[in-house]
Amino acid sequence: MMLITVVDVVARYVFSRPVRGAFEVTELMLVVLIFAGLPLVSFADEHAVMDFIDRVLEPSAQRLLDRLVQAANAAFMFLLAWLVWGKADRIWAYRDATDVLRIVYGPFVYFMAVTLGLAGLIHAWKVVAHR
């Protein structure tokens with residue numbers, strides 16, 4: 001992604017010939033990067049958190065709160081996966097594609113839905129796993 005950007009900037013300003021479709025490829029690579037990382041972040045419990053309540057709770061209450069938060073996260077991820085999958089179906093049906101390179105968006109949106117579902121499964125597993 002960085003290489004495409006560097007080459008595009010150099011080509012644009014030095015040769016007045018930008019790389020055709022560089023912005024589109026960068027956008028799609030960013031989608032893959034962000035959504036591929038989502039299950040990893042969920043698995044490692046690296047989401048941004050506000051832990052001001054945890055400090056005043058007993059250990060048993062902290063475990064209960066953790067399970068409730070994991071359950072809410074799982075539900076939210078499953079909801080998002082379902083909504084994004086529906087959007088992917090519509091995008092695939094229309095064969096929406098990028099303007100310059102005509103790369104079809106559908107597989108990328110399905111990838112987003114799958115990774116959201118995987119993150120949901122990870123959070124659901126953490127609800128039932130005993131730690």
# chains A, B, ... in the order shown; residues from 1 in each chain; ligands from 1

call {"tool": "residues_around", "arguments": {"residues": "region 113-128 of chain A", "least_positions_apart": "3", "cutoff": "7 Å", "atoms": "only C-alpha atoms", "output": "PDB file with N, CA, C and O atoms, in the first residue's frame"}}
result
ATOM      1  N   PHE A  35     -10.388  -4.929   8.008  1.00  0.00           N
ATOM      2  CA  PHE A  35     -11.296  -6.014   8.366  1.00  0.00           C
ATOM      3  C   PHE A  35     -10.564  -7.327   8.636  1.00  0.00           C
ATOM      4  O   PHE A  35     -11.064  -8.158   9.388  1.00  0.00           O
ATOM      5  N   ALA A  36      -9.399  -7.530   8.074  1.00  0.00           N
ATOM      6  CA  ALA A  36      -8.607  -8.721   8.417  1.00  0.00           C
ATOM      7  C   ALA A  36      -8.085  -8.603   9.847  1.00  0.00           C
ATOM      8  O   ALA A  36      -7.916  -9.616  10.534  1.00  0.00           O
ATOM      9  N   LEU A  38      -9.687  -7.094  12.324  1.00  0.00           N
ATOM     10  CA  LEU A  38     -10.763  -7.065  13.312  1.00  0.00           C
ATOM     11  C   LEU A  38     -10.860  -8.346  14.143  1.00  0.00           C
ATOM     12  O   LEU A  38     -10.903  -8.269  15.379  1.00  0.00           O
ATOM     13  N   PRO A  39     -10.866  -9.538  13.546  1.00  0.00           N
ATOM     14  CA  PRO A  39     -10.893 -10.744  14.380  1.00  0.00           C
ATOM     15  C   PRO A  39      -9.644 -10.873  15.261  1.00  0.00           C
ATOM     16  O   PRO A  39      -9.724 -11.373  16.390  1.00  0.00           O
ATOM     17  N   SER A  42     -10.171  -8.646  18.187  1.00  0.00           N
ATOM     18  CA  SER A  42     -11.165  -9.254  19.079  1.00  0.00           C
ATOM     19  C   SER A  42     -10.551 -10.391  19.883  1.00  0.00           C
ATOM     20  O   SER A  42     -10.791 -10.509  21.087  1.00  0.00           O
ATOM     21  N   PHE A  43      -9.760 -11.215  19.232  1.00  0.00           N
ATOM     22  CA  PHE A  43      -9.146 -12.356  19.910  1.00  0.00           C
ATOM     23  C   PHE A  43      -8.181 -11.900  21.004  1.00  0.00           C
ATOM     24  O   PHE A  43      -8.126 -12.488  22.082  1.00  0.00           O
ATOM     25  N   ARG A  67     -18.218 -10.722  30.677  1.00  0.00           N
ATOM     26  CA  ARG A  67     -19.078 -11.598  29.861  1.00  0.00           C
ATOM     27  C   ARG A  67     -20.212 -10.825  29.204  1.00  0.00           C
ATOM     28  O   ARG A  67     -20.560 -11.093  28.052  1.00  0.00           O
ATOM     29  N   GLN A  70     -18.701  -8.910  26.334  1.00  0.00           N
ATOM     30  CA  GLN A  70     -18.393  -9.827  25.233  1.00  0.00           C
ATOM     31  C   GLN A  70     -19.668 -10.250  24.513  1.00  0.00           C
ATOM     32  O   GLN A  70     -19.688 -10.344  23.279  1.00  0.00           O
ATOM     33  N   ALA A  71     -20.741 -10.491  25.261  1.00  0.00           N
ATOM     34  CA  ALA A  71     -22.020 -10.864  24.644  1.00  0.00           C
ATOM     35  C   ALA A  71     -22.573  -9.724  23.797  1.00  0.00           C
ATOM     36  O   ALA A  71     -23.079  -9.947  22.685  1.00  0.00           O
ATOM     37  N   ASN A  73     -20.784  -7.349  22.417  1.00  0.00           N
ATOM     38  CA  ASN A  73     -19.910  -7.253  21.248  1.00  0.00           C
ATOM     39  C   ASN A  73     -20.250  -8.326  20.219  1.00  0.00           C
ATOM     40  O   ASN A  73     -20.289  -8.055  19.016  1.00  0.00           O
ATOM     41  N   ALA A  74     -20.492  -9.555  20.682  1.00  0.00           N
ATOM     42  CA  ALA A  74     -20.847 -10.645  19.766  1.00  0.00           C
ATOM     43  C   ALA A  74     -22.144 -10.316  19.029  1.00  0.00           C
ATOM     44  O   ALA A  74     -22.224 -10.459  17.799  1.00  0.00           O
ATOM     45  N   ALA A  75     -23.142  -9.865  19.770  1.00  0.00           N
ATOM     46  CA  ALA A  75     -24.424  -9.524  19.145  1.00  0.00           C
ATOM     47  C   ALA A  75     -24.255  -8.409  18.115  1.00  0.00           C
ATOM     48  O   ALA A  75     -24.816  -8.475  17.013  1.00  0.00           O
ATOM     49  N   MET A  77     -21.483  -7.564  16.484  1.00  0.00           N
ATOM     50  CA  MET A  77     -20.717  -8.055  15.328  1.00  0.00           C
ATOM     51  C   MET A  77     -21.586  -8.924  14.423  1.00  0.00           C
ATOM     52  O   MET A  77     -21.516  -8.826  13.199  1.00  0.00           O
ATOM     53  N   PHE A  78     -22.432  -9.782  15.023  1.00  0.00           N
ATOM     54  CA  PHE A  78     -23.325 -10.616  14.218  1.00  0.00           C
ATOM     55  C   PHE A  78     -24.351  -9.763  13.467  1.00  0.00           C
ATOM     56  O   PHE A  78     -24.651 -10.024  12.302  1.00  0.00           O
ATOM     57  N   LEU A  80     -23.924  -6.617  12.524  1.00  0.00           N
ATOM     58  CA  LEU A  80     -23.195  -5.959  11.438  1.00  0.00           C
ATOM     59  C   LEU A  80     -22.880  -6.928  10.301  1.00  0.00           C
ATOM     60  O   LEU A  80     -22.990  -6.579   9.126  1.00  0.00           O
ATOM     61  N   ALA A  81     -22.487  -8.159  10.647  1.00  0.00           N
ATOM     62  CA  ALA A  81     -22.187  -9.160   9.619  1.00  0.00           C
ATOM     63  C   ALA A  81     -23.415  -9.428   8.761  1.00  0.00           C
ATOM     64  O   ALA A  81     -23.331  -9.501   7.532  1.00  0.00           O
ATOM     65  N   VAL A  84     -24.118  -6.279   6.577  1.00  0.00           N
ATOM     66  CA  VAL A  84     -23.111  -6.130   5.528  1.00  0.00           C
ATOM     67  C   VAL A  84     -23.269  -7.230   4.479  1.00  0.00           C
ATOM     68  O   VAL A  84     -23.095  -6.981   3.285  1.00  0.00           O
ATOM     69  N   TRP A  85     -23.632  -8.453   4.909  1.00  0.00           N
ATOM     70  CA  TRP A  85     -23.862  -9.538   3.945  1.00  0.00           C
ATOM     71  C   TRP A  85     -25.016  -9.179   3.004  1.00  0.00           C
ATOM     72  O   TRP A  85     -24.936  -9.406   1.793  1.00  0.00           O
ATOM     73  N   VAL A 109     -16.829  -6.775  -0.025  1.00  0.00           N
ATOM     74  CA  VAL A 109     -17.897  -6.579   0.957  1.00  0.00           C
ATOM     75  C   VAL A 109     -18.254  -7.918   1.613  1.00  0.00           C
ATOM     76  O   VAL A 109     -18.527  -7.972   2.815  1.00  0.00           O
ATOM     77  N   TYR A 110     -18.238  -9.008   0.849  1.00  0.00           N
ATOM     78  CA  TYR A 110     -18.430 -10.331   1.456  1.00  0.00           C
ATOM     79  C   TYR A 110     -17.311 -10.611   2.460  1.00  0.00           C
ATOM     80  O   TYR A 110     -17.548 -11.178   3.531  1.00  0.00           O
TER      81      TYR A 110
END

call {"tool": "select_by_dssp", "arguments": {"residues": "chain A", "states": "alpha helix (DSSP H)", "output": "PyMOL selection string"}}
result
chain A and resi 2-14+22-43+59-94+106-128

call {"tool": "residues_around", "arguments": {"residues": "Gly21 (chain A)", "least_positions_apart": "4", "cutoff": "12 Å", "atoms": "only C-alpha atoms", "output": "ChimeraX atom specification"}}
result
/A:4-5,8,17,25-28,98-103

call {"tool": "closest_residue", "arguments": {"among": "A:Val49, A:Met1, A:Trp92, A:Trp82", "to": "Val32 (chain A)", "atoms": "only C-alpha atoms"}}
result
A:Met1

call {"tool": "decode", "arguments": {"residues": "region 93-108 of chain A", "atoms": "all heavy atoms", "output": "mmCIF file, in the first residue's frame"}}
result
data_model
loop_
_atom_site.group_PDB
_atom_site.id
_atom_site.type_symbol
_atom_site.label_atom_id
_atom_site.label_comp_id
_atom_site.auth_asym_id
_atom_site.auth_seq_id
_atom_site.Cartn_x
_atom_site.Cartn_y
_atom_site.Cartn_z
ATOM 1 N N ALA A 93 -25.245 -8.247 -6.973
ATOM 2 C CA ALA A 93 -26.316 -8.318 -7.972
ATOM 3 C C ALA A 93 -26.175 -7.208 -9.013
ATOM 4 O O ALA A 93 -26.431 -7.429 -10.205
ATOM 5 C CB ALA A 93 -27.677 -8.248 -7.288
ATOM 6 N N TYR A 94 -25.784 -6.032 -8.571
ATOM 7 C CA TYR A 94 -25.605 -4.896 -9.491
ATOM 8 C C TYR A 94 -24.247 -4.914 -10.178
ATOM 9 O O TYR A 94 -24.002 -4.139 -11.092
ATOM 10 C CB TYR A 94 -25.759 -3.568 -8.755
ATOM 11 C CG TYR A 94 -27.168 -3.260 -8.346
ATOM 12 C CD1 TYR A 94 -27.473 -2.964 -7.023
ATOM 13 C CD2 TYR A 94 -28.205 -3.258 -9.270
ATOM 14 C CE1 TYR A 94 -28.777 -2.680 -6.629
ATOM 15 C CE2 TYR A 94 -29.501 -2.973 -8.890
ATOM 16 C CZ TYR A 94 -29.778 -2.690 -7.568
ATOM 17 O OH TYR A 94 -31.059 -2.419 -7.192
ATOM 18 N N ARG A 95 -23.346 -5.775 -9.701
ATOM 19 C CA ARG A 95 -21.968 -5.836 -10.218
ATOM 20 C C ARG A 95 -21.284 -4.465 -10.118
ATOM 21 O O ARG A 95 -20.584 -4.040 -11.033
ATOM 22 C CB ARG A 95 -21.920 -6.349 -11.657
ATOM 23 C CG ARG A 95 -22.353 -7.766 -11.856
ATOM 24 C CD ARG A 95 -21.362 -8.724 -11.196
ATOM 25 N NE ARG A 95 -21.559 -10.096 -11.611
ATOM 26 C CZ ARG A 95 -22.243 -10.996 -10.930
ATOM 27 N NH1 ARG A 95 -22.836 -10.650 -9.805
ATOM 28 N NH2 ARG A 95 -22.353 -12.232 -11.357
ATOM 29 N N ASP A 96 -21.512 -3.807 -8.968
ATOM 30 C CA ASP A 96 -20.841 -2.529 -8.733
ATOM 31 C C ASP A 96 -19.339 -2.721 -8.805
ATOM 32 O O ASP A 96 -18.804 -3.709 -8.286
ATOM 33 C CB ASP A 96 -21.203 -1.962 -7.359
ATOM 34 C CG ASP A 96 -22.529 -1.235 -7.351
ATOM 35 O OD1 ASP A 96 -23.075 -0.996 -8.442
ATOM 36 O OD2 ASP A 96 -22.998 -0.906 -6.254
ATOM 37 N N ALA A 97 -18.657 -1.783 -9.424
ATOM 38 C CA ALA A 97 -17.213 -1.880 -9.592
ATOM 39 C C ALA A 97 -16.594 -0.491 -9.479
ATOM 40 O O ALA A 97 -17.281 0.527 -9.564
ATOM 41 C CB ALA A 97 -16.882 -2.500 -10.951
ATOM 42 N N THR A 98 -15.288 -0.478 -9.284
ATOM 43 C CA THR A 98 -14.572 0.795 -9.217
ATOM 44 C C THR A 98 -14.641 1.487 -10.574
ATOM 45 O O THR A 98 -14.827 0.840 -11.606
ATOM 46 C CB THR A 98 -13.106 0.574 -8.807
ATOM 47 O OG1 THR A 98 -12.464 -0.249 -9.775
ATOM 48 C CG2 THR A 98 -13.009 -0.060 -7.433
ATOM 49 N N ASP A 99 -14.452 2.785 -10.577
ATOM 50 C CA ASP A 99 -14.610 3.570 -11.804
ATOM 51 C C ASP A 99 -13.501 3.340 -12.826
ATOM 52 O O ASP A 99 -13.766 3.200 -14.007
ATOM 53 C CB ASP A 99 -14.675 5.064 -11.472
ATOM 54 C CG ASP A 99 -15.950 5.423 -10.735
ATOM 55 O OD1 ASP A 99 -16.971 4.737 -10.945
ATOM 56 O OD2 ASP A 99 -15.918 6.388 -9.952
ATOM 57 N N VAL A 100 -12.277 3.305 -12.382
ATOM 58 C CA VAL A 100 -11.149 3.276 -13.315
ATOM 59 C C VAL A 100 -10.769 1.852 -13.706
ATOM 60 O O VAL A 100 -10.724 1.507 -14.884
ATOM 61 C CB VAL A 100 -9.925 4.012 -12.710
ATOM 62 C CG1 VAL A 100 -8.728 3.916 -13.626
ATOM 63 C CG2 VAL A 100 -10.273 5.472 -12.442
ATOM 64 N N LEU A 101 -10.500 1.015 -12.723
ATOM 65 C CA LEU A 101 -10.011 -0.341 -13.003
ATOM 66 C C LEU A 101 -11.123 -1.374 -13.134
ATOM 67 O O LEU A 101 -10.868 -2.510 -13.503
ATOM 68 C CB LEU A 101 -9.029 -0.785 -11.915
ATOM 69 C CG LEU A 101 -7.759 0.049 -11.795
ATOM 70 C CD1 LEU A 101 -6.897 -0.462 -10.646
ATOM 71 C CD2 LEU A 101 -6.986 0.038 -13.102
ATOM 72 N N ARG A 102 -12.353 -0.985 -12.803
ATOM 73 C CA ARG A 102 -13.520 -1.867 -12.891
ATOM 74 C C ARG A 102 -13.364 -3.116 -12.021
ATOM 75 O O ARG A 102 -13.761 -4.204 -12.394
ATOM 76 C CB ARG A 102 -13.825 -2.250 -14.343
ATOM 77 C CG ARG A 102 -13.998 -1.098 -15.301
ATOM 78 C CD ARG A 102 -15.072 -0.099 -14.936
ATOM 79 N NE ARG A 102 -16.379 -0.732 -14.781
ATOM 80 C CZ ARG A 102 -17.374 -0.194 -14.086
ATOM 81 N NH1 ARG A 102 -17.215 0.963 -13.490
ATOM 82 N NH2 ARG A 102 -18.520 -0.800 -13.988
ATOM 83 N N ILE A 103 -12.768 -2.945 -10.834
ATOM 84 C CA ILE A 103 -12.661 -4.037 -9.865
ATOM 85 C C ILE A 103 -14.014 -4.155 -9.169
ATOM 86 O O ILE A 103 -14.540 -3.175 -8.643
ATOM 87 C CB ILE A 103 -11.548 -3.764 -8.835
ATOM 88 C CG1 ILE A 103 -10.195 -3.619 -9.523
ATOM 89 C CG2 ILE A 103 -11.509 -4.868 -7.776
ATOM 90 C CD1 ILE A 103 -9.092 -3.127 -8.615
ATOM 91 N N VAL A 104 -14.574 -5.349 -9.162
ATOM 92 C CA VAL A 104 -15.899 -5.570 -8.569
ATOM 93 C C VAL A 104 -15.783 -5.484 -7.047
ATOM 94 O O VAL A 104 -14.900 -6.096 -6.439
ATOM 95 C CB VAL A 104 -16.455 -6.942 -9.012
ATOM 96 C CG1 VAL A 104 -17.819 -7.185 -8.403
ATOM 97 C CG2 VAL A 104 -16.524 -7.019 -10.532
ATOM 98 N N TYR A 105 -16.701 -4.728 -6.446
ATOM 99 C CA TYR A 105 -16.686 -4.532 -4.996
ATOM 100 C C TYR A 105 -17.197 -5.737 -4.211
ATOM 101 O O TYR A 105 -16.850 -5.922 -3.050
ATOM 102 C CB TYR A 105 -17.587 -3.345 -4.601
ATOM 103 C CG TYR A 105 -17.035 -1.992 -4.904
ATOM 104 C CD1 TYR A 105 -17.734 -1.117 -5.730
ATOM 105 C CD2 TYR A 105 -15.856 -1.554 -4.337
ATOM 106 C CE1 TYR A 105 -17.250 0.146 -5.997
ATOM 107 C CE2 TYR A 105 -15.361 -0.287 -4.595
ATOM 108 C CZ TYR A 105 -16.070 0.555 -5.427
ATOM 109 O OH TYR A 105 -15.586 1.799 -5.686
ATOM 110 N N GLY A 106 -18.048 -6.543 -4.810
ATOM 111 C CA GLY A 106 -18.732 -7.620 -4.099
ATOM 112 C C GLY A 106 -17.845 -8.486 -3.227
ATOM 113 O O GLY A 106 -18.138 -8.671 -2.033
ATOM 114 N N PRO A 107 -16.763 -9.070 -3.768
ATOM 115 C CA PRO A 107 -15.927 -9.931 -2.921
ATOM 116 C C PRO A 107 -15.354 -9.213 -1.695
ATOM 117 O O PRO A 107 -15.209 -9.822 -0.633
ATOM 118 C CB PRO A 107 -14.799 -10.369 -3.860
ATOM 119 C CG PRO A 107 -15.387 -10.255 -5.227
ATOM 120 C CD PRO A 107 -16.331 -9.096 -5.160
ATOM 121 N N PHE A 108 -15.085 -7.958 -1.825
ATOM 122 C CA PHE A 108 -14.538 -7.202 -0.696
ATOM 123 C C PHE A 108 -15.596 -7.012 0.388
ATOM 124 O O PHE A 108 -15.292 -7.088 1.582
ATOM 125 C CB PHE A 108 -13.995 -5.852 -1.164
ATOM 126 C CG PHE A 108 -12.801 -5.972 -2.055
ATOM 127 C CD1 PHE A 108 -12.944 -5.997 -3.440
ATOM 128 C CD2 PHE A 108 -11.525 -6.088 -1.529
ATOM 129 C CE1 PHE A 108 -11.851 -6.127 -4.268
ATOM 130 C CE2 PHE A 108 -10.421 -6.224 -2.347
ATOM 131 C CZ PHE A 108 -10.586 -6.248 -3.724
#
